[in-house]
$ cat structure_31.csv   # CSV, C-alpha atoms
chain,number,residue,atom,x,y,z
A,8,MET,CA,42.3,3.0,-3.9
A,9,LEU,CA,38.8,2.7,-5.3
A,10,SER,CA,37.3,-0.7,-6.1
A,11,CYS,CA,35.7,-1.3,-9.5
A,12,LYS,CA,32.3,-1.5,-7.7
A,13,GLU,CA,32.8,1.9,-6.2
A,14,VAL,CA,33.9,3.3,-9.6
A,15,CYS,CA,30.6,2.0,-11.1
A,16,TYR,CA,28.6,3.7,-8.5
A,17,ILE,CA,30.5,7.0,-8.9
A,18,VAL,CA,30.1,6.9,-12.7
A,19,SER,CA,26.3,6.4,-12.3
A,20,GLU,CA,26.0,9.3,-9.8
A,21,MET,CA,28.0,11.5,-12.2
A,22,GLN,CA,25.4,10.7,-14.9
A,23,ASP,CA,22.8,11.8,-12.4
A,24,GLY,CA,24.4,15.2,-12.3
A,25,LYS,CA,26.2,14.8,-8.9
A,26,SER,CA,29.6,16.6,-8.7
A,27,PHE,CA,32.6,15.1,-6.9
A,28,PRO,CA,35.5,16.9,-5.2
A,29,LEU,CA,38.8,17.0,-7.0
A,30,GLY,CA,40.4,14.3,-4.8
A,31,ARG,CA,37.7,11.8,-5.8
A,32,ARG,CA,38.0,12.7,-9.5
A,33,VAL,CA,41.8,12.2,-9.3
A,34,MET,CA,41.3,8.8,-7.7
A,35,LEU,CA,38.9,7.9,-10.5
A,36,ARG,CA,41.5,8.9,-13.1
A,37,ILE,CA,44.1,6.8,-11.4
A,38,HIS,CA,41.8,3.9,-11.4
A,39,TYR,CA,41.0,4.3,-15.1
A,40,SER,CA,44.7,4.4,-15.9
A,41,MET,CA,45.1,1.0,-14.4
A,42,CYS,CA,41.8,-0.7,-15.1
A,43,LYS,CA,40.6,-1.5,-18.7
A,44,GLY,CA,37.4,-3.0,-17.4
A,45,CYS,CA,36.3,0.2,-15.8
A,46,ARG,CA,37.3,2.3,-18.8
A,47,GLN,CA,35.0,0.1,-20.9
A,48,MET,CA,32.3,0.3,-18.3
A,49,ALA,CA,32.3,4.1,-18.3
A,50,ARG,CA,32.1,4.1,-22.2
A,51,GLN,CA,29.3,1.7,-22.0
A,52,MET,CA,27.4,3.8,-19.5
A,53,GLU,CA,27.7,6.8,-21.7
A,54,LEU,CA,26.5,4.8,-24.6
A,55,LEU,CA,23.4,3.7,-22.6
A,56,SER,CA,22.6,7.3,-21.9
A,57,ALA,CA,23.0,8.2,-25.6
A,58,THR,CA,21.0,5.3,-26.7
A,59,ALA,CA,18.2,6.1,-24.3
A,60,HIS,CA,18.2,9.7,-25.5
A,61,GLN,CA,17.9,8.6,-29.1
A,62,PHE,CA,15.3,6.0,-28.2
A,63,GLY,CA,13.2,8.4,-26.3
A,64,LYS,CA,13.0,10.8,-29.2
A,65,SER,CA,12.4,8.2,-31.9
A,66,ARG,CA,9.9,6.0,-30.0
A,67,LYS,CA,6.8,5.5,-32.0
A,68,PRO,CA,3.4,4.9,-30.5
A,69,VAL,CA,3.0,1.2,-29.8
A,70,SER,CA,0.7,-0.6,-32.1
A,71,SER,CA,-2.1,-2.4,-30.4
A,72,ALA,CA,-1.9,-5.4,-32.8
A,73,GLY,CA,-1.0,-8.6,-31.0
A,74,GLN,CA,-1.0,-6.9,-27.6
A,75,PRO,CA,-2.6,-8.4,-24.5
A,76,THR,CA,-6.2,-7.7,-23.8
A,77,LEU,CA,-8.4,-8.0,-20.7
A,78,SER,CA,-9.6,-11.5,-20.2
A,79,ALA,CA,-13.3,-12.2,-20.2
A,80,GLU,CA,-13.0,-13.2,-16.6
A,81,ALA,CA,-11.4,-9.8,-15.7
A,82,ILE,CA,-14.0,-7.9,-17.6
A,83,ALA,CA,-16.8,-9.7,-15.8
A,84,ARG,CA,-15.1,-9.1,-12.4
A,85,ILE,CA,-14.4,-5.4,-13.0
A,86,GLY,CA,-17.9,-4.9,-14.6
A,87,LYS,CA,-19.5,-6.4,-11.5
A,88,ARG,CA,-17.5,-4.0,-9.2
A,89,LEU,CA,-18.5,-1.0,-11.3
A,90,VAL,CA,-22.2,-1.9,-11.1
A,91,GLU,CA,-22.0,-2.5,-7.3
A,92,ASN,CA,-20.3,0.9,-6.9
A,93,GLU,CA,-22.6,2.7,-9.3
A,94,ASN,CA,-25.7,1.6,-7.4
A,95,SER,CA,-24.3,2.5,-4.0
A,96,PRO,CA,-21.3,4.8,-4.5
A,97,LEU,CA,-20.7,5.4,-0.8
A,98,ASP,CA,-20.8,1.8,0.3
A,99,ASP,CA,-17.5,0.0,-0.4
A,100,ASP,CA,-17.6,-3.7,0.5
B,25,MET,CA,-27.9,10.5,-1.7
B,26,THR,CA,-29.6,9.6,-5.0
B,27,PRO,CA,-27.1,9.2,-7.8
B,28,ASN,CA,-29.6,7.6,-10.1
B,29,THR,CA,-31.2,10.8,-11.3
B,30,SER,CA,-31.8,11.3,-15.0
B,31,ASP,CA,-28.8,13.5,-15.3
B,32,THR,CA,-27.6,13.9,-18.8
B,33,ASN,CA,-23.9,14.0,-17.8
B,34,SER,CA,-24.0,10.7,-16.0
B,35,ARG,CA,-25.7,9.1,-19.0
B,36,GLU,CA,-22.8,10.3,-21.2
B,37,LEU,CA,-20.3,9.1,-18.7
B,38,ASP,CA,-21.4,5.5,-18.6
B,39,PRO,CA,-18.9,3.2,-16.7
B,40,ALA,CA,-20.1,0.1,-18.4
B,41,ARG,CA,-19.1,1.7,-21.7
B,42,TRP,CA,-15.8,2.8,-20.3
B,43,LEU,CA,-14.9,-0.8,-19.7
B,44,GLU,CA,-16.0,-1.8,-23.2
B,45,ASP,CA,-14.4,1.1,-25.0
B,46,TYR,CA,-11.2,1.7,-23.0
B,47,GLY,CA,-10.7,-1.4,-20.9
B,48,ASP,CA,-8.2,-3.0,-23.3
B,49,LEU,CA,-6.4,0.3,-23.9
B,50,LEU,CA,-6.0,0.9,-20.2
B,51,PHE,CA,-5.0,-2.7,-19.6
B,52,ARG,CA,-2.2,-2.6,-22.2
B,53,TYR,CA,-0.9,0.7,-20.9
B,54,ALA,CA,-0.8,-0.7,-17.3
B,55,PHE,CA,0.7,-4.0,-18.5
B,56,ARG,CA,3.5,-2.3,-20.4
B,57,LYS,CA,4.5,-0.5,-17.2
B,58,MET,CA,4.0,-3.3,-14.7
B,59,ARG,CA,4.4,-6.4,-16.9
B,60,ASP,CA,2.1,-8.3,-14.6
B,61,THR,CA,-1.4,-9.3,-15.6
B,62,ALA,CA,-3.0,-9.3,-12.1
B,63,GLN,CA,-1.5,-5.9,-11.3
B,64,ALA,CA,-2.6,-4.5,-14.6
B,65,GLU,CA,-6.1,-5.8,-14.1
B,66,ASP,CA,-6.3,-4.3,-10.6
B,67,LEU,CA,-5.1,-0.9,-12.0
B,68,VAL,CA,-7.8,-0.9,-14.6
B,69,GLN,CA,-10.4,-1.7,-11.9
B,70,GLU,CA,-9.1,1.0,-9.6
B,71,THR,CA,-9.0,3.5,-12.4
B,72,LEU,CA,-12.6,2.9,-13.4
B,73,LEU,CA,-13.8,3.0,-9.8
B,74,ALA,CA,-12.0,6.3,-9.2
B,75,ALA,CA,-13.5,7.6,-12.4
B,76,LEU,CA,-16.9,6.6,-11.3
B,77,GLN,CA,-16.4,8.3,-8.0
B,78,ASN,CA,-15.2,11.4,-9.5
B,79,ARG,CA,-17.3,11.6,-12.6
B,80,GLU,CA,-18.9,14.9,-11.4
B,81,SER,CA,-15.4,16.4,-11.6
B,82,TYR,CA,-14.9,15.4,-15.3
B,83,SER,CA,-15.1,18.8,-17.0
B,84,GLY,CA,-15.4,17.5,-20.6
B,85,ARG,CA,-12.5,19.5,-21.6
B,86,ALA,CA,-10.2,16.5,-22.2
B,87,SER,CA,-11.5,13.5,-24.1
B,88,GLU,CA,-12.8,10.6,-22.0
B,89,GLN,CA,-9.8,8.6,-23.0
B,90,THR,CA,-7.3,11.2,-22.0
B,91,TRP,CA,-9.1,11.7,-18.7
B,92,LEU,CA,-9.1,7.9,-17.9
B,93,VAL,CA,-5.5,7.5,-19.0
B,94,GLY,CA,-4.6,10.4,-16.7
B,95,ILE,CA,-6.3,8.7,-13.7
B,96,LEU,CA,-4.5,5.4,-14.6
B,97,LYS,CA,-1.1,7.2,-14.7
B,98,HIS,CA,-1.6,8.4,-11.2
B,99,LYS,CA,-2.6,4.9,-10.1
B,100,ILE,CA,0.6,3.5,-11.7
B,101,ILE,CA,2.8,6.1,-10.0
B,102,ASP,CA,1.1,5.3,-6.7
B,103,LEU,CA,1.8,1.6,-7.1
B,104,ILE,CA,5.4,2.1,-8.1
B,105,ARG,CA,6.0,4.5,-5.2
B,106,LYS,CA,4.5,1.9,-2.9
B,107,GLN,CA,6.7,-0.8,-4.4
B,108,ILE,CA,9.8,1.4,-4.0
B,109,ARG,CA,8.9,2.1,-0.4
B,110,GLU,CA,8.3,-1.6,0.4
B,111,SER,CA,11.5,-2.5,-1.3
B,112,THR,CA,13.6,0.0,0.7
B,113,VAL,CA,13.6,-2.3,3.7
B,114,ASP,CA,15.3,-5.3,2.1
B,115,ASP,CA,16.4,-4.0,-1.3
B,116,ILE,CA,17.9,-0.5,-1.3
B,117,THR,CA,18.3,0.7,2.2
B,118,SER,CA,21.7,2.3,1.9
B,119,LEU,CA,24.9,2.4,0.1
B,120,ALA,CA,26.4,0.3,2.8
B,121,GLU,CA,23.8,-2.3,2.1
B,122,LEU,CA,24.4,-1.9,-1.6
B,123,ALA,CA,28.0,-2.9,-1.1
B,124,ALA,CA,26.9,-6.1,0.6
B,125,GLY,CA,23.7,-6.4,-1.5
B,126,SER,CA,22.2,-8.5,-4.2
B,127,GLY,CA,22.1,-8.8,-8.0
B,128,VAL,CA,24.5,-6.3,-9.3
B,129,GLU,CA,27.1,-7.5,-6.8
B,130,GLU,CA,27.5,-10.8,-8.5
B,131,LEU,CA,29.5,-9.0,-11.0
B,132,PHE,CA,32.3,-8.3,-8.5
B,133,ASP,CA,34.6,-10.5,-6.5
B,134,ALA,CA,35.1,-10.1,-2.7
B,135,ARG,CA,37.5,-7.2,-3.3
B,136,GLY,CA,35.1,-5.4,-5.5
B,137,HIS,CA,36.9,-6.2,-8.8
B,138,TRP,CA,35.2,-7.3,-12.0
B,139,ILE,CA,34.6,-11.1,-12.3
B,140,ASN,CA,33.8,-10.6,-16.0
B,141,PRO,CA,35.4,-7.3,-17.0
B,142,PRO,CA,33.2,-5.2,-19.4
B,143,GLN,CA,33.9,-5.7,-23.1
B,144,ASP,CA,34.7,-3.2,-25.7
B,145,TRP,CA,31.5,-2.4,-27.5
B,146,GLY,CA,33.2,-0.5,-30.3
B,147,ILE,CA,32.7,2.9,-31.7
B,148,PRO,CA,29.7,4.6,-30.1
B,149,GLU,CA,28.5,6.2,-33.3
B,150,LYS,CA,28.5,2.9,-35.1
B,151,VAL,CA,26.8,1.1,-32.2
B,152,LEU,CA,24.0,3.7,-32.1
B,153,GLU,CA,23.3,2.9,-35.8
B,154,ASP,CA,23.2,-0.9,-35.2
B,155,HIS,CA,19.5,-1.9,-35.2
B,156,GLN,CA,20.4,-5.1,-33.4
B,157,PHE,CA,21.8,-3.1,-30.5
B,158,ILE,CA,18.7,-0.9,-30.4
B,159,GLU,CA,16.5,-4.0,-30.4
B,160,ALA,CA,18.5,-5.5,-27.6
B,161,PHE,CA,18.4,-2.3,-25.7
B,162,GLU,CA,14.6,-2.3,-25.9
B,163,HIS,CA,14.4,-5.9,-24.9
B,164,CYS,CA,16.7,-5.3,-21.9
B,165,LEU,CA,14.8,-2.2,-20.8
B,166,GLY,CA,11.7,-4.4,-20.7
B,167,ARG,CA,13.5,-6.8,-18.4
B,168,LEU,CA,14.3,-4.3,-15.7
B,169,LYS,CA,12.1,-4.2,-12.6
B,170,PRO,CA,9.1,-1.8,-13.1
B,171,ALA,CA,10.5,0.7,-10.6
B,172,GLN,CA,13.9,0.7,-12.2
B,173,SER,CA,12.6,1.1,-15.8
B,174,GLU,CA,10.2,3.8,-14.7
B,175,ILE,CA,13.0,5.8,-13.1
B,176,PHE,CA,15.5,5.2,-15.9
B,177,GLY,CA,12.8,6.2,-18.4
B,178,LYS,CA,12.1,9.4,-16.6
B,179,LYS,CA,15.8,10.2,-16.3
B,180,GLU,CA,17.2,9.2,-19.6
B,181,LEU,CA,14.3,9.0,-22.0
B,182,ALA,CA,12.2,11.9,-20.7
B,183,GLY,CA,15.2,13.9,-19.5
B,184,LEU,CA,13.9,14.8,-16.1
B,185,SER,CA,16.4,15.8,-13.3
B,186,ILE,CA,16.9,13.7,-10.2
B,187,ASP,CA,15.1,16.4,-8.2
B,188,GLU,CA,12.1,16.2,-10.4
B,189,ILE,CA,12.0,12.4,-10.3
B,190,CYS,CA,12.4,12.4,-6.5
B,191,LYS,CA,9.6,14.8,-6.2
B,192,GLU,CA,7.2,13.1,-8.5
B,193,LEU,CA,7.8,9.7,-7.0
B,194,ASP,CA,8.2,11.0,-3.5
B,195,ILE,CA,11.4,9.1,-2.8
B,196,THR,CA,14.8,10.1,-1.4
B,197,ALA,CA,17.7,11.1,-3.7
B,198,THR,CA,19.6,8.1,-2.4
B,199,ASN,CA,16.8,5.7,-3.4
B,200,CYS,CA,16.6,7.4,-6.7
B,201,SER,CA,20.3,7.1,-7.5
B,202,VAL,CA,20.5,3.5,-6.2
B,203,LEU,CA,17.6,2.5,-8.5
B,204,LEU,CA,19.3,4.3,-11.4
B,205,TYR,CA,22.5,2.6,-10.7
B,206,ARG,CA,20.8,-0.8,-10.6
B,207,ALA,CA,18.9,0.0,-13.9
B,208,ARG,CA,22.2,1.1,-15.7
B,209,MET,CA,24.1,-1.9,-14.4
B,210,GLY,CA,21.2,-4.2,-15.3
B,211,LEU,CA,21.0,-2.8,-18.8
B,212,ARG,CA,24.7,-2.9,-19.3
B,213,ARG,CA,25.0,-6.5,-18.2
B,214,CYS,CA,21.9,-7.6,-20.3
B,215,LEU,CA,23.3,-5.9,-23.4
B,216,GLU,CA,26.7,-7.5,-22.8
B,217,ILE,CA,25.1,-10.9,-22.8
B,218,ARG,CA,22.4,-10.4,-25.4
B,219,TRP,CA,24.2,-8.1,-27.9
B,220,ALA,CA,27.9,-7.9,-27.3
B,221,GLY,CA,28.3,-11.6,-26.5
B,222,HIS,CA,26.2,-12.5,-29.5
B,223,ASN,CA,28.1,-10.2,-31.8
B,224,ARG,CA,31.5,-11.5,-31.1
B,225,GLU,CA,33.0,-14.9,-31.6
B,226,GLU,CA,35.5,-14.5,-28.8
B,227,PRO,CA,35.3,-17.2,-26.2
B,228,LEU,CA,34.4,-15.8,-22.7

$ encode --input "structure_31.csv" --output "structure tokens"
Amino acid sequence: MLSCKEVCYIVSEMQDGKSFPLGRRVMLRIHYSMCKGCRQMARQMELLSATAHQFGKSRKPVSSAGQPTLSAEAIARIGKRLVENENSPLDDD
Amino acid sequence: MTPNTSDTNSRELDPARWLEDYGDLLFRYAFRKMRDTAQAEDLVQETLLAALQNRESYSGRASEQTWLVGILKHKIIDLIRKQIRESTVDDITSLAELAAGSGVEELFDARGHWINPPQDWGIPEKVLEDHQFIEAFEHCLGRLKPAQSEIFGKKELAGLSIDEICKELDITATNCSVLLYRARMGLRRCLEIRWAGHNREEPL
């Protein structure tokens, strides 16, 4: 008898394209027939995949408005490192 | 070696200007992936240093921005790969450990049964049209660990196969499927709390 935890992992691996032997698939069916939680979980996992697929196609380029920028301190630090390396590209302190 | 010749190429490829022109763009890109300011800053620095070292190899065929973002992408993959490798010891060693492991397992009791059984989310076609669900999905995706969201994105958003992902990240198929399992379970749980729980008036 499969536990709900095992069923979750099998469902995830199936979504990854892994195939399971008949015996395993029968056990999965038996589990589903007795466990509403896992039936819902399997539907949810399919929905996640469908949502991701839709999301991946419709995703718009992210606007830079209101997004984080490099701090002045980070710019100074990175600039300093660049200058050091530009003047002596082979010496890395 | 005398790099300070009056070479026209190196005048065009001016690292100080890179920082000024592309620093924020690179930082935002890195921050979106890693969600950590210090890591994103380090990635910008490493990218620009690598660009400086390899500026002779810049062919001028791609734009400067494309070239720099390309270097950054490699640096991000390297970092995620390293994080996955480091996490293998105490995080995703094996399925046996998964069974005894952390996070996801709080969903199950000692016998491996649901503590809070998954709810009915309704008709899939309707859910997919619910902008609140899509917003919650985006939010939840942003809350996964960087390695999890990177792999989930490659698998489900970009549509790569497990083999392709393993190859690109140089990790084992088991690591890959455990990370995907964690990502899916994390998303599912997050949506259950943030969207399904919010949507329904049912007591828990």

$ atom_distance --input "structure_31.csv" --atom1 "atom CA of B:Gly47" --atom2 "atom CA of A:Ile82"
8.0 Å

$ interface_residues --input "structure_31.csv" --of "chain A" --to "chain B" --cutoff "6 Å" --atoms "only C-alpha atoms" --output "list in words"
Ser10, Cys11, Lys12, Ser19, Gly44, Gln47, Met48, Ala59, His60, Gly63, Thr76, Leu77 and Ile85 of chain A

$ atom_distance --input "structure_31.csv" --atom1 "atom CA of A:Val90" --atom2 "atom CA of B:Lys106"
28.2 Å

$ closest_residue --input "structure_31.csv" --among "A:Ala57, A:Met21, A:Leu9, A:Cys15" --to "A:His38" --atoms "only C-alpha atoms"
A:Leu9

$ atom_distance --input "structure_31.csv" --atom1 "atom CA of A:Val14" --atom2 "atom CA of A:Met52"
11.9 Å

$ closest_residue --input "structure_31.csv" --among "B:Met58, B:Leu96, B:Leu67, B:Ala197" --to "A:Ala81" --atoms "all atoms listed in the file"
B:Leu67

$ closest_residue --input "structure_31.csv" --among "B:Lys169, B:Lys191, B:Arg218, B:Lys99" --to "B:Arg59" --atoms "only C-alpha atoms"
B:Lys169

$ closest_residue --input "structure_31.csv" --among "B:Ala171, B:Ala220, B:Ala54, B:Cys164" --to "B:Thr71" --atoms "only C-alpha atoms"
B:Ala54

$ closest_residue --input "structure_31.csv" --among "A:Met8, A:Leu54, A:Gln22, A:Tyr16" --to "A:Cys42" --atoms "only C-alpha atoms"
A:Met8
